[in-house]
Structures are given as structure tokens and as C-alpha cells.
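**Student:** Below is the structure I would like to discuss, written out as C-alpha cells.
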Amino acid sequence: MDWGSIAGLVIALAGLVVGQVIDGGHLNSLMQPAAFVVVILGTTGAVLLQTEFKQFLKGMRMLRLVFVHPQDDRKKLAIKINQWSLQARKESVLSLESYIKREQDPFVRKGLQLLVDGTPADRIREVCAIDMYYYELQEREAVKIWSAAGGYAPTVGILGAVLGLIHVMENLSDPAKIGSGIAVAFVATIYGVALANLVFLPISNKLKGHVQHEMSRREMLLNAWVSIARGDNPKLVTERLESYLHLRES
């Protein structure tokens, strides 16, 4: 579990609740189901309108990455790359064929297959770079649903407040309901702004970091395959890997 993300969400929401209590307000005034429904459904509808449904679903599935930290396997990959480099140097790149079936990652299998096929280093870089480009494009399109939600939520919250004020205006004949009605109306604005800045936008930025991490991992693999295809010394391949490992640790 990524306890930092969980703690951040709890602290952010707790700040609103504690602030309301310290100011002498009642928690019940923040619990307005109608306002919550307006903001959530309105924001979801706006995001769906601008996004392909499959990308929307993918973005929703990526939400788990915010709270469950993905495993960093770069050190294990570095060990594997060293093995590939040494074996290719001692025998030949054809000997790497036995490693292909052991790998679960399609990108790793693709790179190894290119090596076994005797693909030139420049062509390996070209083919894998195209694969990486479209991977990043699809991932970032999925992440966009959260940044889009962060942009729409405050505006939808204002719409909810206006709807609440319309309801207040309809009850002007009862002055006792005006004050509480106005307070309830503006809860929708609180929901919109809070969800945008405390939930949706932080989720978007966290997921962008995960996408960047995966791109760095694939770049490490690509550079290793190019080095092996060129016949570089295994020690040189290892030295290049160290840069990626130190970057992650920092």
C-alpha cells in the first residue's frame, strides 16, 4: 500500500472537517447528498463527453496505482540484462531465445525477439521507440480523465450552487428557510472545489508520475538492447544501467 497517498487524502479531507468544527459550524451542514450527486454526476458526464469510453474505463482502473504502489523491478531487470549481455557476448544473440518464453512482459519479449532475429541496433531503437510512443500516448490519454475532472468539478459545483439558490428563491415567502437554504446551496461549490484540488488533480499528477516511471524503465531496456546488438562490452552495459537505478533511488 502507498500509505503516503492514503495519509494525504485523509489529512486533506480532515482539514475541511476540522476547520468547519473550529469555526463553530456543524458537520451536518456539509452533508448534502443532493449537492454531492450534482457534482459527481455532472463531472462524470462532462468527462465521458470528451473521452472515449475505453480510455475512461482504463483511467478508472489506473486509480488503484494511487493507493497500491507498483513494484519497482528495475534491479531485477538490471540483473537479467547483465545475463543477456554476458551470454550474447560469450555465445551469440541467438542464445537469448531461451529467455523469451520466460518473460511475461510483452515489451521485454519483443525486445529479446528483435535481438534474436539479428535486427540492427538502429532498427531496434526505431521499432521500440514507436512502441513506447504509443504506449505513453494511451496511458496519458487515460490519465487525462482525472485532470479533466479537476477542471470541470469547480464549475459543476457552481452550477449546483445556482440550482440551490433557485430553490431558495422559490421559498422567499418563508424567511426562516432563506439562511439555511443559502448555506446548503454553497455546499455544492465546496464539493466541486474540494474534489478538484484535493482529489482529482492530485490523482492525475500521481498517475503521471507512474507513467513516467514506466517510460524510464522501458528506456533502460531499450538502451540495453541497443548496446547488446552493437556488441558493447558487458561492463559498459552495466555502467549505463547504474544511471537508471540511481535515478530511481534519488
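All residue names refer to the C-alpha cells as shown: chains lettered A, B, ... in order, residues numbered from 1 in each chain, ligands numbered from 1 in order.
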So that I can check the surroundings of stretch 15-32 of chain A, please list as an MDAnalysis selection string every protein, DNA and RNA residue that reaches within 9 Å of it, counting only C-alpha atoms and ignoring chain neighbours fewer than 3 positions away.
**Tutor:** chainID A and resid 10:12 35:37 180 183:184 187:188 190:191 194
**Student:** With N, CA and C atoms retained, export the selected residues as a PDB file, in the first residue's frame.
**Tutor:**
```
ATOM      1  N   VAL A  10      -6.557  11.513   3.653  1.00  0.00           N
ATOM      2  CA  VAL A  10      -7.202  11.653   4.962  1.00  0.00           C
ATOM      3  C   VAL A  10      -6.941  13.033   5.558  1.00  0.00           C
ATOM      4  N   ILE A  11      -5.688  13.498   5.481  1.00  0.00           N
ATOM      5  CA  ILE A  11      -5.345  14.804   6.044  1.00  0.00           C
ATOM      6  C   ILE A  11      -6.079  15.923   5.317  1.00  0.00           C
ATOM      7  N   ALA A  12      -6.156  15.824   3.997  1.00  0.00           N
ATOM      8  CA  ALA A  12      -6.827  16.875   3.217  1.00  0.00           C
ATOM      9  C   ALA A  12      -8.300  16.981   3.587  1.00  0.00           C
ATOM     10  N   ALA A  35     -26.270  17.931  -3.380  1.00  0.00           N
ATOM     11  CA  ALA A  35     -25.127  18.670  -3.924  1.00  0.00           C
ATOM     12  C   ALA A  35     -24.047  17.702  -4.393  1.00  0.00           C
ATOM     13  N   PHE A  36     -23.826  16.647  -3.622  1.00  0.00           N
ATOM     14  CA  PHE A  36     -22.812  15.661  -3.991  1.00  0.00           C
ATOM     15  C   PHE A  36     -23.167  14.968  -5.303  1.00  0.00           C
ATOM     16  N   VAL A  37     -24.438  14.618  -5.447  1.00  0.00           N
ATOM     17  CA  VAL A  37     -24.887  13.953  -6.672  1.00  0.00           C
ATOM     18  C   VAL A  37     -24.720  14.863  -7.880  1.00  0.00           C
ATOM     19  N   SER A 180     -30.574  29.116   5.938  1.00  0.00           N
ATOM     20  CA  SER A 180     -30.098  27.731   5.843  1.00  0.00           C
ATOM     21  C   SER A 180     -30.082  27.261   4.401  1.00  0.00           C
ATOM     22  N   ALA A 183     -26.918  28.510   2.693  1.00  0.00           N
ATOM     23  CA  ALA A 183     -25.763  27.747   3.158  1.00  0.00           C
ATOM     24  C   ALA A 183     -25.690  26.396   2.462  1.00  0.00           C
ATOM     25  N   VAL A 184     -26.837  25.761   2.337  1.00  0.00           N
ATOM     26  CA  VAL A 184     -26.879  24.462   1.668  1.00  0.00           C
ATOM     27  C   VAL A 184     -26.485  24.598   0.204  1.00  0.00           C
ATOM     28  N   VAL A 187     -22.773  24.557  -0.490  1.00  0.00           N
ATOM     29  CA  VAL A 187     -22.055  23.311  -0.227  1.00  0.00           C
ATOM     30  C   VAL A 187     -21.639  22.659  -1.538  1.00  0.00           C
ATOM     31  N   ALA A 188     -22.450  22.810  -2.575  1.00  0.00           N
ATOM     32  CA  ALA A 188     -22.106  22.253  -3.883  1.00  0.00           C
ATOM     33  C   ALA A 188     -20.796  22.848  -4.395  1.00  0.00           C
ATOM     34  N   ILE A 190     -18.371  23.960  -2.503  1.00  0.00           N
ATOM     35  CA  ILE A 190     -17.316  23.360  -1.682  1.00  0.00           C
ATOM     36  C   ILE A 190     -16.958  21.979  -2.221  1.00  0.00           C
ATOM     37  N   TYR A 191     -17.978  21.185  -2.538  1.00  0.00           N
ATOM     38  CA  TYR A 191     -17.721  19.855  -3.077  1.00  0.00           C
ATOM     39  C   TYR A 191     -16.913  19.926  -4.369  1.00  0.00           C
ATOM     40  N   ALA A 194     -13.284  21.286  -3.627  1.00  0.00           N
ATOM     41  CA  ALA A 194     -12.527  20.344  -2.799  1.00  0.00           C
ATOM     42  C   ALA A 194     -12.168  19.085  -3.573  1.00  0.00           C
TER      43      ALA A 194
END
```
**Student:** If we count only C-alpha atoms, what is near A:Gln113 at a cut-off of 9 Å, once residues fewer than 4 positions away on the same chain are taken out, given as a ChimeraX atom specification?
**Tutor:** /A:96-97,100,108-109,117-119
**Student:** Dump C-alpha atoms for the selected residues as a PDB file, in the first residue's frame?
**Tutor:**
```
ATOM      1  CA  LEU A  96      18.905 -15.397 -25.933  1.00  0.00           C
ATOM      2  CA  GLU A  97      15.927 -17.196 -27.462  1.00  0.00           C
ATOM      3  CA  ILE A 100      11.871 -15.082 -24.388  1.00  0.00           C
ATOM      4  CA  VAL A 108      10.560  -7.410 -22.913  1.00  0.00           C
ATOM      5  CA  ARG A 109       9.648 -10.323 -25.167  1.00  0.00           C
ATOM      6  CA  ASP A 117      16.262 -12.072 -35.125  1.00  0.00           C
ATOM      7  CA  GLY A 118      19.524 -10.212 -35.669  1.00  0.00           C
ATOM      8  CA  THR A 119      17.847  -6.822 -36.041  1.00  0.00           C
TER       9      THR A 119
END
```
**Student:** Please tabulate, as a Markdown table, the residues of stretch 87-162 of chain A that come within 9 Å of stretch 230-239 of chain A, each with its closest pair of atoms and the distance in Å to one decimal, counting only C-alpha atoms and ordering rows by chain, then residue number upward.
**Tutor:**
```
| residue | atom | partner | partner_atom | distance |
| --- | --- | --- | --- | --- |
| A:Ala88 | CA | A:Gly231 | CA | 8.1 |
| A:Arg89 | CA | A:Gly231 | CA | 7.0 |
| A:Pro120 | CA | A:Arg230 | CA | 7.8 |
| A:Ala121 | CA | A:Arg230 | CA | 6.0 |
```
**Student:** How would the residues just chosen look if you wrote them out with all heavy atoms as a PDB file, in the first residue's frame?
**Tutor:**
```pdb
ATOM      1  N   ALA A  88      25.186 -13.137 -24.639  1.00  0.00           N
ATOM      2  CA  ALA A  88      25.302 -12.724 -26.038  1.00  0.00           C
ATOM      3  C   ALA A  88      26.770 -12.522 -26.424  1.00  0.00           C
ATOM      4  O   ALA A  88      27.164 -12.790 -27.564  1.00  0.00           O
ATOM      5  CB  ALA A  88      24.509 -11.439 -26.272  1.00  0.00           C
ATOM      6  N   ARG A  89      27.575 -12.060 -25.467  1.00  0.00           N
ATOM      7  CA  ARG A  89      28.995 -11.828 -25.754  1.00  0.00           C
ATOM      8  C   ARG A  89      29.757 -13.156 -25.842  1.00  0.00           C
ATOM      9  O   ARG A  89      30.609 -13.344 -26.715  1.00  0.00           O
ATOM     10  CB  ARG A  89      29.595 -10.944 -24.647  1.00  0.00           C
ATOM     11  CG  ARG A  89      31.029 -10.504 -24.900  1.00  0.00           C
ATOM     12  CD  ARG A  89      31.106  -9.569 -26.109  1.00  0.00           C
ATOM     13  NE  ARG A  89      32.470  -9.105 -26.308  1.00  0.00           N
ATOM     14  CZ  ARG A  89      32.914  -7.927 -25.894  1.00  0.00           C
ATOM     15  NH1 ARG A  89      32.090  -7.102 -25.280  1.00  0.00           N
ATOM     16  NH2 ARG A  89      34.154  -7.562 -26.120  1.00  0.00           N
ATOM     17  N   PRO A 120      19.347  -4.957 -36.623  1.00  0.00           N
ATOM     18  CA  PRO A 120      20.386  -3.959 -36.334  1.00  0.00           C
ATOM     19  C   PRO A 120      19.984  -3.045 -35.177  1.00  0.00           C
ATOM     20  O   PRO A 120      18.791  -2.837 -34.916  1.00  0.00           O
ATOM     21  CB  PRO A 120      20.495  -3.173 -37.648  1.00  0.00           C
ATOM     22  CG  PRO A 120      19.968  -4.099 -38.691  1.00  0.00           C
ATOM     23  CD  PRO A 120      18.897  -4.902 -38.026  1.00  0.00           C
ATOM     24  N   ALA A 121      20.979  -2.504 -34.501  1.00  0.00           N
ATOM     25  CA  ALA A 121      20.729  -1.673 -33.323  1.00  0.00           C
ATOM     26  C   ALA A 121      19.830  -0.476 -33.631  1.00  0.00           C
ATOM     27  O   ALA A 121      18.908  -0.164 -32.865  1.00  0.00           O
ATOM     28  CB  ALA A 121      22.062  -1.189 -32.746  1.00  0.00           C
TER      29      ALA A 121
END
```
**Student:** Going by DSSP on the backbone, which bits of stretch 1-243 of chain A are helix (DSSP H, G or I)? Write them as a PyMOL selection string, please.
**Tutor:** chain A and resi 3-22+27-30+33-50+53-61+64-67+74-90+93-100+106-116+121-169+175-230+234-243
**Student:** Looking at only C-alpha atoms, which of A:Val211, A:Ala34, A:Ala224, A:Val168 is the one that sits closest to A:Ile79?
**Tutor:**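 Closest candidate: A:Ala224.
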**Student:** Given only C-alpha atoms as the basis, pick out the residue of A:Pro154, A:Leu198, A:Thr189, A:Leu241 nearest to A:Lys80.
**Tutor:**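 Distance minimum relative to A:Lys80 lands on A:Leu241.
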**Student:** From the list A:Phe53, A:Trp146, A:Trp225, A:Trp3, which residue is nearest A:Lys208 when using only C-alpha atoms?
**Tutor:**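 Counting only C-alpha atoms, the residue closest to A:Lys208 is A:Trp146.
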